[in-house]
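> Take a look at this one; I'll ask things after.
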Amino acid sequence: MSDSDTSKKSNFIRQIVEADLASGKYAAVHTRFPPEPNGYLHIGHAKSICLNFGIAEDYDGQCNLRFDDTNPHKENLEFVRVIEEDVRWLGYDWEERMLFASDYFGQLHDFAVDLIQRGKAYVCDLTAEETRTYRGTLTEPGRDSPYRERSIDENLDLFARMRAGEFPDGARVLRAKINMASPNINLRDPTIYRIRHGVVHHQTGDEWRIYPMYDFTHCLSDSIEGITHSLCTLEFEDHRPLYDWFLDALETRCHPQQIEFARLNLEYTVLSKRKLTELVDGGHVDSWDDPRMPTIAGLRRRGYTPVSIRNFCERIGVTKADSRVELQILEGCIREDLEAHGPRRLAVLDPLKVVITNYPEGHEEEFEVPNHPQEPSMGERPVPFDRELWIERGDFMEEAPRKFKRLVTGGEVRLRNAYVIRCDEVIKDADGEISELRCSYDPETLGRNPEGRKIKGVIHWVSATHGVSAEVRLYDRLFTAPNPEGDWLEALNPESLTIVKAVVEPALANAEPGERFQFERTGYFCADRHDHAPGRPVFNRTVALRDSWSKIAAKGGN
RNA sequence: UGGGGCGUAGCCAAGCGGUAAGGCACUGGUUUUUGGUACCAGCAAUCCCAGGUUCGAAUCCUGGCGCCCCAGCCA
């Protein structure tokens with residue numbers, strides 16, 4: 001990252017890491033990012049990715065990519081593939097350490113046997129329903145399972161037979177023997193192994209009939225990998241005593257420290273995997289990488305850059321306080337990146353025909369226009385100009401408020417990078433709609449200001465004969481409510497996508513899929529990585545330019 | 001009502017007993033062939049509340065209040 005100011009990145013987790021490094025508790029830091037491959041990664045995961053990989057990067061340590069794949073019912077290979085791609089796209093590298101919790105199924109099984117031998121785990125025959133009853137409630141203690149005092153030998157035998165596939169799903173589980181009266185419900189003899197017949201695990205195939213649970217798996221996986229700091233979100237805070245219990249009960253390589261931080265909430269979207277899955281499965285969006293989705297893949301397709309997302313994650317900080325971040329912060333990050341690095345182009349989203357009556361018929365010119373007004377190194381491209389042009393319908397008004405500084409009847413305006421024109425006549429169709437503007441140009445105003453008068457407005461344009469028509473997808477927030485809850489689908493924004501037929505300058509016809517631009521005066525756009533093709537240009541609006549005119553106009557423009 | 005957390009401007013967030021950083025947003029202004037950008041200036045905080053300790057408290061203590069999480073054979 002270009003930003004080497006680490007003090008700016010400081011947060012309570014980094015302080016702990018620094019202290020542990022300074023005290024010699026650890027010679028090097030080792031973190032991990034542990035996604036479950038049951039959905040696409042979203043911007044909330046990006047926060048965790050940037051935290052874990054960022055710490056490894058800045059303190060000269062390592063970060064593993066580890067798939068938490070203990071539930072074969074919900075997980076699949078496509079999610080593994082996409083997660084890998086997304087983390088890499090964000091700019092992080094796990095070298096040879098692409099790992100799976102399922103890599104440790106053998107060791108995990110042996111740890112479970114060890115736990116039984118130490119008298120700290122037992123096979124329980126209660127049904128799921130009964131288990132729930134025995135667990136008690138938030139305010140009442142649970143009761144011991146009638147199977148809690150089975151002999152070690154019997155537990156060993158039963159567990160071996162669970163593994164051998166002798167019992168059907170749900171018939172028995174292996175439980176840790178901790179304390180059914182604990183005020184922390186997670187400690188009331190949690191299940192650590194369950195039976196799962198007939199599912200094919202994406203990594204281990206049909207090798208196992210029993211699968212370990214998260215609490216048992218996660219701490220031991222961390223330990224097996226020599227993780228020093230195990231960072232997770234706040235809802236796992238209650239699980240930390242369990243995390244520690246397993247590592248204390250067993251002889252393990254090391255005892256990592258679990259540290260919890262607040263998960264990200266973003267305005268006008270949802271970030272729970274359940275809801276995102278529902279949006280996709282319910283057809284409310286087109287796919288996991290629909291540009292309206294807060295997924296990494298969606299943001300990427302929308303036009304966000306890895307740098308913008310990393311900056312965002314740095315800007316929002318890491319704390320334990322629940323928060324909901326304003327959307328403008330994310331938008332500000334991509335504007336900032338694309339303002340500096342996005343080549344400028346001219347595109348008219350809502351075209352209105354302009355005929356320059358005093359421009360010679362059949363004549364045309366080609367201007368060399370800079371790709372970036374402040375950055376000559378970004379080069380130039382040719383832009384054709386001739387007698388008929390398209391301008392933005394919103395850039396003309398017959399009767400305009402005082403502060404409107406674009407084209408009005410009888411008024412003058414600068415065509416960006418070209419001449420000053422005057423509107424002489426407004427042509428309307430049968431419905432009274434403006435269909436065409438007849439204008440005249442001042443040939444002395446190319447590259448210089450006219451004498452004796454000040455032209456205050458500048459508008460963009462595209463040659464009508466050379467312009468290329470393109471599909472432009474205008475995206476808006478996915479939800480109308482800042483925090484969609486309850487009947488959250490009701491808050492879906494019906495205008496989250498508007499498709500318009502635009503006319504763009506010829507250079508845009510050759511855009512590569514995924515290429516990003518600033519359409520001058522309009523916003524930042526990205527050639528759709530799936531649908532854009534030569535001959536059929538498709539652009540997604542990443543974010544509009546900041547617009548101070550709309551505020552003035554809303555007040556009447558006077 | 002049990003347990004675990006959190007509470008500093010509109011939003012995010014520094015702070016770690018010495019008198020409230022920064023960013024975003026917002027408001028002015030300058031520059032500008034993008035009503036963009038950049039630059040300058042400004043606004044904005046009962047530090048959840050109430051007591052206490054201290055020369056001194058956002059920081060320590062006590063008691064409240066508010067919000068979030070936990071009763072999957074999910075993670």
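For the structure tokens, the naming scheme is as follows: chains receive sequential letters (A, B, ...) according to their order of presentation, residues are indexed from 1 within each chain, and ligands are indexed from 1 in presentation order.
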Excluding C47 of chain B and any residue of its chain fewer than 6 positions from it, enumerate the residues within 9 Å of it, using only C-alpha atoms (C1' of nucleotides), and give them as a list in words.
U8, A20 and A58 of chain B
> Running DSSP on the backbone, which parts of segment 184-266 of chain A land in helix (DSSP H, G or I), as a compact mmCIF listing (two decimals) with N, CA, C and O atoms, in the first residue's frame?

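The resulting file, result12.txt, is reproduced below:
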```txt
# COMPACT_ATOMS: atom_id res chain seq x y z
N ILE A 185 -24.02 -20.39 28.04
CA ILE A 185 -24.67 -21.55 27.42
C ILE A 185 -23.74 -22.36 26.53
O ILE A 185 -23.90 -23.56 26.38
N ASN A 186 -22.74 -21.68 25.99
CA ASN A 186 -21.81 -22.39 25.12
C ASN A 186 -21.01 -23.46 25.85
O ASN A 186 -20.44 -24.36 25.23
N LEU A 187 -20.97 -23.33 27.18
CA LEU A 187 -20.19 -24.28 27.97
C LEU A 187 -21.03 -25.46 28.47
O LEU A 187 -20.55 -26.33 29.16
N TYR A 214 -17.75 -26.33 14.72
CA TYR A 214 -16.90 -25.14 14.68
C TYR A 214 -16.02 -24.94 15.91
O TYR A 214 -14.81 -24.76 15.81
N ASP A 215 -16.64 -24.96 17.09
CA ASP A 215 -15.88 -24.61 18.30
C ASP A 215 -14.70 -25.54 18.54
O ASP A 215 -13.63 -25.10 18.97
N PHE A 216 -14.93 -26.81 18.25
CA PHE A 216 -13.86 -27.80 18.42
C PHE A 216 -12.81 -27.61 17.34
O PHE A 216 -11.60 -27.63 17.60
N THR A 217 -13.26 -27.41 16.14
CA THR A 217 -12.38 -27.34 14.98
C THR A 217 -11.50 -26.10 14.96
O THR A 217 -10.31 -26.16 14.66
N HIS A 218 -12.13 -24.97 15.28
CA HIS A 218 -11.43 -23.71 15.02
C HIS A 218 -10.19 -23.51 15.88
O HIS A 218 -9.11 -23.20 15.38
N CYS A 219 -10.33 -23.73 17.17
CA CYS A 219 -9.17 -23.51 18.05
C CYS A 219 -8.05 -24.50 17.74
O CYS A 219 -6.87 -24.14 17.74
N LEU A 220 -8.45 -25.73 17.46
CA LEU A 220 -7.42 -26.74 17.18
C LEU A 220 -6.75 -26.50 15.84
O LEU A 220 -5.54 -26.68 15.70
N SER A 221 -7.53 -26.03 14.86
CA SER A 221 -6.93 -25.70 13.56
C SER A 221 -5.93 -24.56 13.73
O SER A 221 -4.83 -24.59 13.18
N ASP A 222 -6.33 -23.56 14.50
CA ASP A 222 -5.42 -22.44 14.78
C ASP A 222 -4.13 -22.95 15.41
O ASP A 222 -3.03 -22.55 15.04
N SER A 223 -4.31 -23.82 16.36
CA SER A 223 -3.16 -24.35 17.08
C SER A 223 -2.25 -25.17 16.16
O SER A 223 -1.02 -25.05 16.18
N ILE A 224 -2.88 -26.02 15.35
CA ILE A 224 -2.11 -26.85 14.40
C ILE A 224 -1.28 -25.97 13.47
O ILE A 224 -0.14 -26.29 13.15
N GLU A 225 -1.85 -24.83 13.08
CA GLU A 225 -1.15 -23.94 12.14
C GLU A 225 -0.18 -22.98 12.82
O GLU A 225 0.50 -22.20 12.16
N LEU A 234 -17.37 -10.13 17.04
CA LEU A 234 -17.91 -10.04 18.40
C LEU A 234 -18.81 -11.18 18.84
O LEU A 234 -18.81 -11.54 20.02
N GLU A 235 -19.58 -11.75 17.93
CA GLU A 235 -20.52 -12.78 18.36
C GLU A 235 -19.81 -14.03 18.87
O GLU A 235 -20.44 -14.90 19.47
N PHE A 236 -18.51 -14.10 18.67
CA PHE A 236 -17.77 -15.26 19.16
C PHE A 236 -17.12 -14.99 20.53
O PHE A 236 -16.41 -15.83 21.06
N GLU A 237 -17.40 -13.84 21.07
CA GLU A 237 -16.81 -13.50 22.35
C GLU A 237 -17.21 -14.52 23.42
O GLU A 237 -16.38 -14.95 24.21
N ASP A 238 -18.48 -14.91 23.39
CA ASP A 238 -18.98 -15.90 24.34
C ASP A 238 -18.35 -17.27 24.13
O ASP A 238 -18.48 -18.15 24.97
N HIS A 239 -17.74 -17.46 22.98
CA HIS A 239 -17.17 -18.76 22.67
C HIS A 239 -15.71 -18.86 23.12
O HIS A 239 -15.13 -19.92 23.10
N ARG A 240 -15.15 -17.71 23.50
CA ARG A 240 -13.73 -17.72 23.84
C ARG A 240 -13.40 -18.67 24.99
O ARG A 240 -12.39 -19.40 24.93
N PRO A 241 -14.24 -18.76 26.04
CA PRO A 241 -13.95 -19.73 27.10
C PRO A 241 -13.89 -21.17 26.57
O PRO A 241 -13.13 -22.00 27.07
N LEU A 242 -14.69 -21.43 25.55
CA LEU A 242 -14.69 -22.77 24.94
C LEU A 242 -13.41 -22.98 24.12
O LEU A 242 -12.80 -24.04 24.17
N TYR A 243 -13.07 -21.95 23.38
CA TYR A 243 -11.83 -21.96 22.59
C TYR A 243 -10.67 -22.33 23.50
O TYR A 243 -9.86 -23.20 23.20
N ASP A 244 -10.63 -21.64 24.65
CA ASP A 244 -9.54 -21.88 25.60
C ASP A 244 -9.66 -23.26 26.27
O ASP A 244 -8.66 -23.91 26.54
N TRP A 245 -10.88 -23.67 26.51
CA TRP A 245 -11.09 -24.94 27.22
C TRP A 245 -10.50 -26.12 26.44
O TRP A 245 -9.81 -26.97 26.99
N PHE A 246 -10.79 -26.17 25.14
CA PHE A 246 -10.26 -27.28 24.34
C PHE A 246 -8.74 -27.28 24.33
O PHE A 246 -8.09 -28.32 24.44
N LEU A 247 -8.17 -26.09 24.16
CA LEU A 247 -6.72 -26.02 24.08
C LEU A 247 -6.06 -26.34 25.42
O LEU A 247 -4.95 -26.88 25.46
N ASP A 248 -6.76 -26.05 26.51
CA ASP A 248 -6.23 -26.39 27.82
C ASP A 248 -6.41 -27.87 28.13
O ASP A 248 -5.60 -28.49 28.80
N ALA A 249 -7.49 -28.44 27.61
CA ALA A 249 -7.81 -29.84 27.91
C ALA A 249 -6.90 -30.80 27.14
O ALA A 249 -6.70 -31.93 27.55
```
> Could you list, as a PyMOL selection string, every residue within 12 Å of Lys428 of chain A, counting only C-alpha atoms (C1' of nucleotides) and ignoring same-chain residues fewer than 4 positions away?
chain A and resi 352-353+398+432-438
> I'd like the neighbourhood of segment 70-73 of chain A as a VMD selection string, where a residue qualifies if any of its atoms comes within 8 Å (using only C-alpha atoms (C1' of nucleotides)), though same-chain residues fewer than 3 positions away should be ignored.
(chain A and resid 76 101 to 102 199 to 202 211 to 214 217) or (chain B and resid 74)
> I need the residue nearest chain B from this list: A:Gly205, A:Gly119, A:Pro294, A:Gly447. Use only C-alpha atoms (C1' of nucleotides) for the distance.
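Closest residue, counting only C-alpha atoms (C1' of nucleotides): A:Gly447.
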> Can you check which residues of chain A have any atom within 7 Å of chain B? Use only C-alpha atoms (C1' of nucleotides) and format it as a PyMOL selection string.
chain A and resi 36+128+136-139+170+173+183-185+191+194+214+235+237-238+315-317+320-322+325-326+329+414+416-417+458+520-521+545-549
> Can I get the selection written as an mmCIF file, in the first residue's frame, with N, CA and C atoms?

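Below is the file that was written, result.cif:
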```
data_model
loop_
_atom_site.group_PDB
_atom_site.id
_atom_site.type_symbol
_atom_site.label_atom_id
_atom_site.label_comp_id
_atom_site.auth_asym_id
_atom_site.auth_seq_id
_atom_site.Cartn_x
_atom_site.Cartn_y
_atom_site.Cartn_z
ATOM 1 N N GLU A 36 -15.985 -19.562 5.597
ATOM 2 C CA GLU A 36 -16.691 -20.803 5.313
ATOM 3 C C GLU A 36 -17.126 -20.716 3.857
ATOM 4 N N ALA A 128 -31.969 -34.217 19.008
ATOM 5 C CA ALA A 128 -31.693 -32.783 18.969
ATOM 6 C C ALA A 128 -32.690 -32.033 19.834
ATOM 7 N N GLY A 136 -31.487 -26.182 29.110
ATOM 8 C CA GLY A 136 -31.957 -25.103 29.967
ATOM 9 C C GLY A 136 -32.225 -23.859 29.146
ATOM 10 N N THR A 137 -32.314 -22.717 29.831
ATOM 11 C CA THR A 137 -32.574 -21.464 29.117
ATOM 12 C C THR A 137 -31.530 -20.444 29.542
ATOM 13 N N LEU A 138 -31.735 -19.217 29.094
ATOM 14 C CA LEU A 138 -30.789 -18.162 29.449
ATOM 15 C C LEU A 138 -30.723 -17.950 30.948
ATOM 16 N N THR A 139 -31.879 -18.167 31.609
ATOM 17 C CA THR A 139 -31.923 -17.879 33.039
ATOM 18 C C THR A 139 -31.951 -19.122 33.932
ATOM 19 N N GLY A 170 -28.096 -38.039 13.302
ATOM 20 C CA GLY A 170 -28.866 -37.564 14.444
ATOM 21 C C GLY A 170 -29.009 -38.548 15.582
ATOM 22 N N VAL A 173 -24.353 -37.930 19.172
ATOM 23 C CA VAL A 173 -23.301 -36.935 18.957
ATOM 24 C C VAL A 173 -22.214 -37.133 20.008
ATOM 25 N N PRO A 183 -23.461 -20.397 33.369
ATOM 26 C CA PRO A 183 -24.260 -19.263 32.880
ATOM 27 C C PRO A 183 -23.954 -18.967 31.408
ATOM 28 N N ASN A 184 -22.832 -19.423 30.956
ATOM 29 C CA ASN A 184 -22.494 -19.291 29.534
ATOM 30 C C ASN A 184 -22.975 -20.553 28.825
ATOM 31 N N ILE A 185 -24.017 -20.391 28.044
ATOM 32 C CA ILE A 185 -24.669 -21.546 27.420
ATOM 33 C C ILE A 185 -23.740 -22.358 26.533
ATOM 34 N N THR A 191 -21.909 -29.808 21.619
ATOM 35 C CA THR A 191 -21.664 -30.888 20.660
ATOM 36 C C THR A 191 -20.361 -30.618 19.922
ATOM 37 N N ARG A 194 -20.871 -34.539 14.935
ATOM 38 C CA ARG A 194 -22.192 -35.019 14.561
ATOM 39 C C ARG A 194 -22.057 -35.981 13.385
ATOM 40 N N TYR A 214 -17.753 -26.325 14.724
ATOM 41 C CA TYR A 214 -16.899 -25.136 14.678
ATOM 42 C C TYR A 214 -16.022 -24.944 15.913
ATOM 43 N N GLU A 235 -19.580 -11.752 17.927
ATOM 44 C CA GLU A 235 -20.525 -12.777 18.364
ATOM 45 C C GLU A 235 -19.811 -14.025 18.874
ATOM 46 N N GLU A 237 -17.403 -13.836 21.072
ATOM 47 C CA GLU A 237 -16.810 -13.495 22.354
ATOM 48 C C GLU A 237 -17.205 -14.517 23.419
ATOM 49 N N ASP A 238 -18.481 -14.908 23.392
ATOM 50 C CA ASP A 238 -18.981 -15.904 24.341
ATOM 51 C C ASP A 238 -18.349 -17.274 24.134
ATOM 52 N N ARG A 315 -9.954 3.193 6.644
ATOM 53 C CA ARG A 315 -10.624 4.412 7.069
ATOM 54 C C ARG A 315 -11.669 4.160 8.161
ATOM 55 N N ILE A 316 -12.349 3.028 8.105
ATOM 56 C CA ILE A 316 -13.413 2.767 9.074
ATOM 57 C C ILE A 316 -12.893 2.278 10.424
ATOM 58 N N GLY A 317 -11.652 1.840 10.471
ATOM 59 C CA GLY A 317 -11.079 1.442 11.742
ATOM 60 C C GLY A 317 -11.529 0.079 12.233
ATOM 61 N N LYS A 320 -14.411 -2.444 19.019
ATOM 62 C CA LYS A 320 -15.422 -3.389 19.493
ATOM 63 C C LYS A 320 -16.800 -2.742 19.541
ATOM 64 N N ALA A 321 -16.930 -1.536 19.071
ATOM 65 C CA ALA A 321 -18.222 -0.841 19.129
ATOM 66 C C ALA A 321 -19.058 -1.160 17.892
ATOM 67 N N ASP A 322 -20.310 -1.522 18.118
ATOM 68 C CA ASP A 322 -21.225 -1.758 17.000
ATOM 69 C C ASP A 322 -21.374 -0.463 16.231
ATOM 70 N N VAL A 325 -21.612 2.083 9.083
ATOM 71 C CA VAL A 325 -20.819 3.059 8.353
ATOM 72 C C VAL A 325 -21.629 3.678 7.215
ATOM 73 N N GLU A 326 -21.474 4.984 7.051
ATOM 74 C CA GLU A 326 -22.187 5.682 5.985
ATOM 75 C C GLU A 326 -21.650 5.267 4.617
ATOM 76 N N ILE A 329 -18.704 6.985 2.705
ATOM 77 C CA ILE A 329 -17.290 6.704 2.950
ATOM 78 C C ILE A 329 -16.760 5.749 1.890
ATOM 79 N N ARG A 414 -19.601 26.507 -23.479
ATOM 80 C CA ARG A 414 -18.393 25.868 -24.030
ATOM 81 C C ARG A 414 -18.662 24.380 -24.201
ATOM 82 N N ARG A 416 -16.977 21.076 -24.136
ATOM 83 C CA ARG A 416 -15.738 20.607 -23.519
ATOM 84 C C ARG A 416 -14.702 20.230 -24.584
ATOM 85 N N ASN A 417 -13.538 20.825 -24.459
ATOM 86 C CA ASN A 417 -12.420 20.553 -25.365
ATOM 87 C C ASN A 417 -12.684 20.973 -26.807
ATOM 88 N N VAL A 458 -19.600 24.812 -19.151
ATOM 89 C CA VAL A 458 -18.925 23.836 -20.009
ATOM 90 C C VAL A 458 -19.788 22.582 -20.011
ATOM 91 N N GLU A 520 -16.862 12.413 -18.182
ATOM 92 C CA GLU A 520 -16.758 13.755 -17.652
ATOM 93 C C GLU A 520 -18.110 14.353 -17.288
ATOM 94 N N ARG A 521 -18.130 14.969 -16.153
ATOM 95 C CA ARG A 521 -19.296 15.639 -15.593
ATOM 96 C C ARG A 521 -20.392 14.677 -15.140
ATOM 97 N N LEU A 545 -20.393 11.467 -9.978
ATOM 98 C CA LEU A 545 -19.517 12.516 -9.481
ATOM 99 C C LEU A 545 -20.256 13.256 -8.372
ATOM 100 N N ARG A 546 -19.523 13.834 -7.467
ATOM 101 C CA ARG A 546 -20.166 14.680 -6.475
ATOM 102 C C ARG A 546 -20.863 15.813 -7.241
ATOM 103 N N ASP A 547 -22.058 16.179 -6.786
ATOM 104 C CA ASP A 547 -22.883 17.081 -7.580
ATOM 105 C C ASP A 547 -23.416 18.219 -6.730
ATOM 106 N N SER A 548 -22.786 19.381 -6.822
ATOM 107 C CA SER A 548 -23.262 20.493 -5.991
ATOM 108 C C SER A 548 -24.385 21.267 -6.682
ATOM 109 N N TRP A 549 -24.524 21.057 -8.000
ATOM 110 C CA TRP A 549 -25.603 21.742 -8.720
ATOM 111 C C TRP A 549 -26.980 21.262 -8.274
#
```
> With distances taken over only C-alpha atoms, which of A:Lys273, A:Arg335, A:Arg529, A:Arg132 is nearest to Asn38 of chain A?
A:Lys273
> Which residues in segment 289-525 of chain A does DSSP call strand (DSSP E or B)? List them as number ranges by chain.
A: 295, 325, 344-345, 347-348, 351-356, 364-370, 380-386, 388-392, 396-397, 407-408, 412-415, 420-428, 434-442, 458-459, 461-463, 468-475, 479, 492, 497-504, 516-519, 523-525
> What is the atom CA of Arg150 of chain A to atom CA of Thr252 of chain A distance in Å?
25.8 Å
> Would you compute the distance between atom CA of Arg477 of chain A and atom CA of Tyr268 of chain A? Give it in Å to one decimal.
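Distance reported for this atom pair: 6.2 Å.
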> Which polymer residues have any atom within 10 Å of an atom of Arg209 of chain A, counting only C-alpha atoms (C1' of nucleotides), with same-chain residues fewer than 6 positions away left out, as a tab-separated table (two decimals) with C-alpha atoms, in the first residue's frame?

```
chain	number	residue	atom	x	y	z
A	161	ARG	CA	-18.89	-46.91	15.58
A	162	MET	CA	-20.17	-43.41	14.82
A	163	ARG	CA	-17.13	-43.01	12.65
A	164	ALA	CA	-17.68	-46.40	11.05
A	165	GLY	CA	-21.15	-45.31	10.00
A	166	GLU	CA	-23.13	-47.70	12.16
A	167	PHE	CA	-25.66	-45.09	13.29
A	168	PRO	CA	-27.98	-42.89	11.27
A	169	ASP	CA	-27.83	-39.11	11.16
A	194	ARG	CA	-22.19	-35.02	14.56
A	195	ILE	CA	-23.10	-37.78	12.12
A	196	ARG	CA	-23.56	-36.87	8.45
A	197	HIS	CA	-24.27	-39.74	6.09
A	198	GLY	CA	-24.44	-39.59	2.34
A	199	VAL	CA	-22.99	-36.14	1.79
A	200	VAL	CA	-19.97	-35.77	-0.39
```
> Compare B:G28, B:U19, B:C40, B:A45 by their minimum atom-to-atom distance to A57 of chain B, counting only C-alpha atoms (C1' of nucleotides), and give me the closest one.
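The closest residue to A57 of chain B is B:U19.
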> What does the distance between atom CA of Ala27 of chain A and atom CA of His229 of chain A come to in Å, to one decimal place?
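For atom CA of Ala27 of chain A relative to atom CA of His229 of chain A, the distance reads 12.6 Å.
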> Leaving out segment 58-69 of chain A and any residue of its chain fewer than 2 positions from it, which residues lie within 7 Å of it when counting only C-alpha atoms (C1' of nucleotides), given as a PyMOL selection string?
chain A and resi 28-37+52-56+71-72+75+94+97-102
> Could you check which of A:Asp424, A:Gly557, A:Ala347, A:Ile391 is closest to Pro506 of chain A, using only C-alpha atoms?
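When distances to Pro506 of chain A are compared using only C-alpha atoms, the smallest one comes from A:Ala347.
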> Do you know which residues are at most 9 Å from Gln117 of chain A counting only C-alpha atoms (C1' of nucleotides), after dropping those on the same chain fewer than 6 positions away, and could you put them as number ranges by chain?
A: 152-153, 155-156
> Keeping only N, CA and C atoms, take the residues you just selected and write them out as a PDB file, in the first residue's frame.

```pdb
ATOM      1  N   ILE A 152     -15.432 -44.591  29.823  1.00  0.00           N
ATOM      2  CA  ILE A 152     -14.525 -44.202  28.754  1.00  0.00           C
ATOM      3  C   ILE A 152     -14.523 -45.252  27.644  1.00  0.00           C
ATOM      4  N   ASP A 153     -14.495 -46.516  28.041  1.00  0.00           N
ATOM      5  CA  ASP A 153     -14.469 -47.584  27.043  1.00  0.00           C
ATOM      6  C   ASP A 153     -15.724 -47.578  26.175  1.00  0.00           C
ATOM      7  N   ASN A 155     -17.642 -45.009  25.587  1.00  0.00           N
ATOM      8  CA  ASN A 155     -17.569 -43.822  24.727  1.00  0.00           C
ATOM      9  C   ASN A 155     -16.652 -44.062  23.535  1.00  0.00           C
ATOM     10  N   LEU A 156     -15.529 -44.670  23.824  1.00  0.00           N
ATOM     11  CA  LEU A 156     -14.553 -44.969  22.763  1.00  0.00           C
ATOM     12  C   LEU A 156     -15.178 -45.875  21.709  1.00  0.00           C
TER      13      LEU A 156
END
```
